[in-house]
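Shown here: input_5.tsv, TSV, C-alpha atoms.
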chain	number	residue	atom	x	y	z
A	1	MET	CA	1.16	45.94	-72.97
A	2	PRO	CA	4.32	47.11	-71.19
A	3	ALA	CA	6.52	44.96	-68.92
A	4	LYS	CA	5.58	44.48	-65.28
A	5	PHE	CA	7.13	43.51	-61.94
A	6	VAL	CA	5.59	40.44	-60.24
A	7	LEU	CA	6.14	40.29	-56.47
A	8	ARG	CA	5.98	36.90	-54.74
A	9	LYS	CA	6.53	35.45	-51.26
A	10	GLY	CA	8.58	32.26	-51.12
A	11	ARG	CA	8.25	29.20	-48.86
A	12	THR	CA	11.01	30.50	-46.59
A	13	GLY	CA	9.08	33.71	-45.96
A	14	LYS	CA	11.32	35.90	-48.09
A	15	PHE	CA	10.12	38.12	-50.94
A	16	THR	CA	11.27	38.02	-54.59
A	17	PHE	CA	10.13	39.78	-57.77
A	18	THR	CA	10.46	39.09	-61.46
A	19	LEU	CA	10.37	41.38	-64.50
A	20	GLU	CA	7.98	39.96	-67.08
A	21	GLY	CA	7.60	41.16	-70.65
A	22	ALA	CA	4.42	41.91	-72.57
A	23	ASN	CA	4.20	38.30	-73.74
A	24	GLY	CA	4.63	36.96	-70.13
A	25	GLN	CA	8.24	35.94	-70.58
A	26	ILE	CA	10.43	36.42	-67.49
A	27	LEU	CA	13.08	38.98	-68.34
A	28	ALA	CA	14.80	39.22	-64.93
A	29	THR	CA	14.55	37.79	-61.40
A	30	SER	CA	15.62	39.42	-58.17
A	31	ALA	CA	17.39	38.08	-55.12
A	32	ASP	CA	15.60	37.16	-51.90
A	33	HIS	CA	14.54	40.05	-49.70
A	34	PRO	CA	13.83	39.63	-45.98
A	35	ASN	CA	10.62	41.64	-45.96
A	36	LEU	CA	8.09	43.32	-48.22
A	37	ARG	CA	9.46	46.81	-47.70
A	38	ALA	CA	12.93	45.82	-48.91
A	39	ALA	CA	11.47	44.13	-51.99
A	40	LYS	CA	9.41	47.21	-52.91
A	41	SER	CA	12.40	49.52	-52.46
A	42	ALA	CA	14.43	47.23	-54.73
A	43	ILE	CA	11.68	47.40	-57.39
A	44	ALA	CA	11.69	51.23	-57.16
A	45	SER	CA	15.47	51.38	-57.58
A	46	VAL	CA	15.29	49.08	-60.61
A	47	GLN	CA	12.59	51.27	-62.16
A	48	LYS	CA	14.75	54.37	-61.70
A	49	SER	CA	17.91	52.77	-63.06
A	50	LEU	CA	16.31	51.14	-66.11
A	51	SER	CA	15.73	54.41	-67.96
A	52	GLY	CA	19.39	55.35	-68.02
A	53	ALA	CA	20.95	51.91	-67.88
A	54	GLU	CA	23.78	51.07	-70.29
A	55	VAL	CA	24.56	47.76	-71.92
A	56	ASP	CA	27.85	46.12	-70.90
A	57	ASP	CA	28.55	43.46	-73.51
A	58	ARG	CA	30.95	40.84	-72.14
A	59	SER	CA	30.05	38.17	-74.63
A	60	ALA	CA	33.32	38.75	-76.51
A	61	GLY	CA	35.38	37.34	-73.56
A	62	THR	CA	37.20	33.98	-73.66
A	63	GLY	CA	35.88	30.75	-72.23
A	64	ALA	CA	38.57	30.89	-69.53
A	65	ALA	CA	37.01	34.01	-68.09
A	66	ARG	CA	33.64	32.28	-68.02
A	67	LYS	CA	35.21	29.27	-66.34
A	68	THR	CA	36.86	31.44	-63.70
A	69	THR	CA	33.60	33.21	-63.03
A	70	ALA	CA	31.84	29.86	-62.85
A	71	LYS	CA	34.53	28.58	-60.50
A	72	LYS	CA	34.19	31.68	-58.37
A	73	THR	CA	30.45	31.25	-58.22
A	74	THR	CA	30.80	27.56	-57.35
A	75	ALA	CA	33.45	28.43	-54.75
A	76	LYS	CA	31.13	31.03	-53.29
A	77	LYS	CA	28.30	28.52	-53.25
A	78	SER	CA	30.51	25.92	-51.59
A	79	THR	CA	31.68	28.43	-48.99
A	80	THR	CA	28.12	29.46	-48.34
A	81	ARG	CA	27.13	25.82	-48.08
A	82	LYS	CA	30.02	25.14	-45.71
A	83	ALA	CA	29.09	28.18	-43.65
A	84	ALA	CA	25.49	27.01	-43.57
A	85	ALA	CA	26.61	23.51	-42.63
A	86	LYS	CA	28.81	24.98	-39.87
A	87	LYS	CA	25.89	27.04	-38.63
A	88	VAL	CA	23.68	23.96	-38.66
A	89	ALA	CA	26.37	21.97	-36.85
A	90	LYS	CA	26.74	24.74	-34.30
A	91	LYS	CA	22.99	24.87	-33.82
A	92	THR	CA	22.78	21.09	-33.43
A	93	ALA	CA	25.72	21.13	-31.02
A	94	ALA	CA	24.08	23.94	-29.08
A	95	LYS	CA	20.83	21.99	-29.03
A	96	LYS	CA	22.67	18.88	-27.86
A	97	THR	CA	24.48	20.83	-25.15
A	98	THR	CA	21.24	22.44	-24.03
A	99	ALA	CA	19.52	19.05	-24.08
A	100	THR	CA	22.36	17.51	-22.07
A	101	LYS	CA	22.32	20.44	-19.67
A	102	LYS	CA	18.58	20.11	-19.27
A	103	ALA	CA	18.92	16.35	-18.77
A	104	THR	CA	21.67	16.84	-16.18
A	105	ALA	CA	19.60	19.55	-14.49
A	106	LYS	CA	16.60	17.21	-14.43
A	107	LYS	CA	18.74	14.41	-13.01
A	108	ALA	CA	20.14	16.76	-10.39
A	109	THR	CA	16.64	17.97	-9.48
A	110	THR	CA	15.37	14.38	-9.32
A	111	LYS	CA	18.35	13.43	-7.15
A	112	LYS	CA	17.73	16.41	-4.88
A	113	ALA	CA	14.04	15.54	-4.69
A	114	ALA	CA	14.89	11.92	-3.90
A	115	ALA	CA	17.39	13.05	-1.27
A	116	LYS	CA	14.77	15.36	0.24
A	117	LYS	CA	12.24	12.53	0.27
A	118	THR	CA	14.74	10.17	1.92
A	119	THR	CA	15.67	12.80	4.50
A	120	ALA	CA	11.98	13.49	5.11
A	121	LYS	CA	11.35	9.75	5.53
A	122	LYS	CA	14.31	9.44	7.89
A	123	THR	CA	13.14	12.40	9.96
A	124	THR	CA	9.60	11.02	10.10
A	125	ALA	CA	10.94	7.60	11.05
A	126	LYS	CA	13.10	9.17	13.77
A	127	LYS	CA	10.13	11.15	15.05
A	128	THR	CA	7.94	8.05	15.10
A	129	VAL	CA	10.66	6.05	16.87
A	130	ALA	CA	11.13	8.86	19.38
A	131	LYS	CA	7.36	9.03	19.94
A	132	LYS	CA	7.17	5.25	20.36
A	133	THR	CA	10.10	5.25	22.80
A	134	ALA	CA	8.55	8.14	24.71
A	135	ALA	CA	5.21	6.31	24.81
A	136	LYS	CA	6.95	3.13	25.95
A	137	LYS	CA	8.80	5.06	28.66
A	138	THR	CA	5.60	6.72	29.83
A	139	THR	CA	3.77	3.38	29.86
A	140	ALA	CA	6.69	1.76	31.68
A	141	ARG	CA	6.66	4.60	34.22
A	142	LYS	CA	2.91	4.26	34.64
A	143	THR	CA	3.20	0.50	35.08
A	144	THR	CA	6.05	0.92	37.58
A	145	THR	CA	4.07	3.53	39.49
A	146	LYS	CA	1.01	1.27	39.44
A	147	ARG	CA	3.10	-1.65	40.63
A	148	ALA	CA	4.67	0.50	43.35
A	149	VAL	CA	1.23	1.70	44.45
A	150	ALA	CA	-0.05	-1.87	44.40
A	151	LYS	CA	2.96	-3.02	46.41
A	152	LYS	CA	2.46	-0.21	48.90
A	153	ALA	CA	-1.23	-1.10	49.19
A	154	ALA	CA	-0.35	-4.78	49.60
A	155	THR	CA	2.24	-3.95	52.25
A	156	ARG	CA	-0.29	-1.76	54.02
A	157	LYS	CA	-2.87	-4.55	53.88
A	158	THR	CA	-0.35	-7.07	55.18
A	159	ALA	CA	0.68	-4.64	57.91
A	160	ALA	CA	-2.96	-4.07	58.78
A	161	LYS	CA	-3.52	-7.84	58.84
A	162	LYS	CA	-0.46	-8.31	61.05
A	163	THR	CA	-1.65	-5.56	63.37
A	164	ALA	CA	-5.17	-7.02	63.32
A	165	ARG	CA	-3.92	-10.53	64.11
A	166	PRO	CA	-2.16	-9.64	67.40
A	167	ALA	CA	-5.15	-7.49	68.37
A	168	ALA	CA	-7.47	-10.40	67.68
A	169	ALA	CA	-5.11	-12.73	69.52
A	170	ARG	CA	-5.04	-10.32	72.42
A	171	LYS	CA	-8.80	-10.14	72.41
A	172	THR	CA	-9.06	-13.92	72.30
A	173	THR	CA	-6.49	-14.29	75.07
A	174	THR	CA	-8.20	-11.69	77.22
A	175	ALA	CA	-11.56	-13.35	76.55
A	176	LYS	CA	-10.08	-16.70	77.42
A	177	LYS	CA	-8.58	-15.26	80.61
A	178	THR	CA	-11.86	-13.66	81.57
A	179	THR	CA	-13.71	-16.93	80.88
A	180	THR	CA	-11.15	-18.85	82.91
A	181	ARG	CA	-11.48	-16.33	85.68
A	182	LYS	CA	-15.25	-16.59	85.52
A	183	THR	CA	-15.07	-20.36	85.60
A	184	ALA	CA	-12.64	-20.19	88.50
A	185	ALA	CA	-14.97	-17.82	90.32
A	186	LYS	CA	-17.87	-20.15	89.62
A	187	LYS	CA	-15.85	-23.08	90.91
A	188	THR	CA	-14.96	-21.16	94.04
A	189	THR	CA	-18.58	-20.18	94.55
A	190	THR	CA	-19.69	-23.77	94.04
A	191	ARG	CA	-17.04	-24.93	96.46
A	192	LYS	CA	-18.14	-22.36	98.98
A	193	THR	CA	-21.78	-23.36	98.56
A	194	ALA	CA	-20.81	-27.01	98.88
A	195	ALA	CA	-18.82	-26.23	102.04
A	196	LYS	CA	-21.73	-24.29	103.47
A	197	LYS	CA	-24.02	-27.19	102.73
A	198	THR	CA	-21.67	-29.64	104.39
A	199	THR	CA	-21.28	-27.40	107.43
A	200	ALA	CA	-25.06	-27.03	107.60
A	201	ARG	CA	-25.47	-30.78	107.38
A	202	LYS	CA	-22.93	-31.34	110.16
A	203	ALA	CA	-24.48	-28.66	112.33
A	204	ALA	CA	-27.98	-30.12	112.05
A	205	PRO	CA	-27.33	-33.39	113.93
A	206	ARG	CA	-25.42	-31.50	116.61
A	207	LYS	CA	-28.38	-29.22	117.16
A	208	ARG	CA	-30.63	-32.20	117.38
A	209	ALA	CA	-28.34	-33.80	119.94
A	210	THR	CA	-28.27	-30.68	122.06
A	211	LYS	CA	-32.03	-30.44	121.93
A	212	ARG	CA	-32.35	-34.04	123.06
A	213	VAL	CA	-29.88	-33.43	125.91
A	214	SER	CA	-31.76	-30.43	127.11
A	215	ALA	CA	-35.03	-32.26	126.97
A	216	SER	CA	-33.76	-35.05	129.13

Output the structure of this file as structure tokens.
Amino acid sequence: MPAKFVLRKGRTGKFTFTLEGANGQILATSADHPNLRAAKSAIASVQKSLSGAEVDDRSAGTGAARKTTAKKTTAKKSTTRKAAAKKVAKKTAAKKTTATKKATAKKATTKKAAAKKTTAKKTTAKKTVAKKTAAKKTTARKTTTKRAVAKKAATRKTAAKKTARPAAARKTTTAKKTTTRKTAAKKTTTRKTAAKKTTARKAAPRKRATKRVSAS
């Protein structure tokens, strides 16, 4: 059974492949590829280059060379870690700044909303006060007009009463005068009748005396 390439997808979403021998032993592993197409193209390039690949034996080198390579790899790893840490710090700082900006924006919007509510309340209060004052003024005007009308009516009634009183007094005085005149006329008529009676009484004995004289 010949060797085979095993393609896998990691937890991060990247693709890797391994070269396994006939007995299942892993002969080589690849780096992480961002997508499936890149991983398949890498497998194709490895297949092409394996047929004419040469062996570069560096096992005869000193331990210092290995140490330097190890140091370089560790330095690269540390730089990559530092870069990743910087990226993470930048991301966290950006998140914090965005969060603070959002919080400040929310505070500003809440303040604006509160200010609008307060202004709306003030305007409504002013309108209600103006309406109340206008209503009070109108009621005061109505009451003043009613009072003025009532006063005018009262003055008219009093004037009518005053005018009626002298007319009634005049009527009473004229009636009294007419009654007094009538009584005076009656008295004069009674006096005249009494005088006539007295003259008739006086004339009667004279007539009798004249009759007696003529008879004798």

Rounded to one decimal, what separation in Å do you get between CA of Lys182 (chain A) and CA of Thr198 (chain A)? 23.8 Å

Could you state the separation of CA of Thr155 (chain A) and CA of Arg141 (chain A) in Å, given to one decimal place?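 Between these atoms lies a distance of 20.4 Å.
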
With all atoms listed in the file as the atoms that count, which of A:Val6, A:Ser30, A:Gly24, A:Lys82 lies nearest to Ser45 (chain A)?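 Using all atoms listed in the file, Ser45 (chain A) sits closest to A:Ser30.
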
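The space between CA of Lys87 (chain A) and CA of Pro34 (chain A) spans 18.9 Å.
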
Who sits within 7 Å of Thr29 (chain A), all atoms listed in the file, same chain under 4 positions skipped, as a list in words: Phe17, Thr18 and Leu19 of chain A

Could you write out that same residue set with C-alpha atoms as a tab-separated table (two decimals), keeping the file's coordinate frame?
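Writing the result to out22.tsv gives the following:
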chain	number	residue	atom	x	y	z
A	17	PHE	CA	10.13	39.78	-57.77
A	18	THR	CA	10.46	39.09	-61.46
A	19	LEU	CA	10.37	41.38	-64.50

12 Å contact set for Thr12 (chain A), only C-alpha atoms, chain neighbours under 5 positions out, as a list of chain:residue names: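 Those residues are A:Asp32, A:His33, A:Pro34, A:Asn35.
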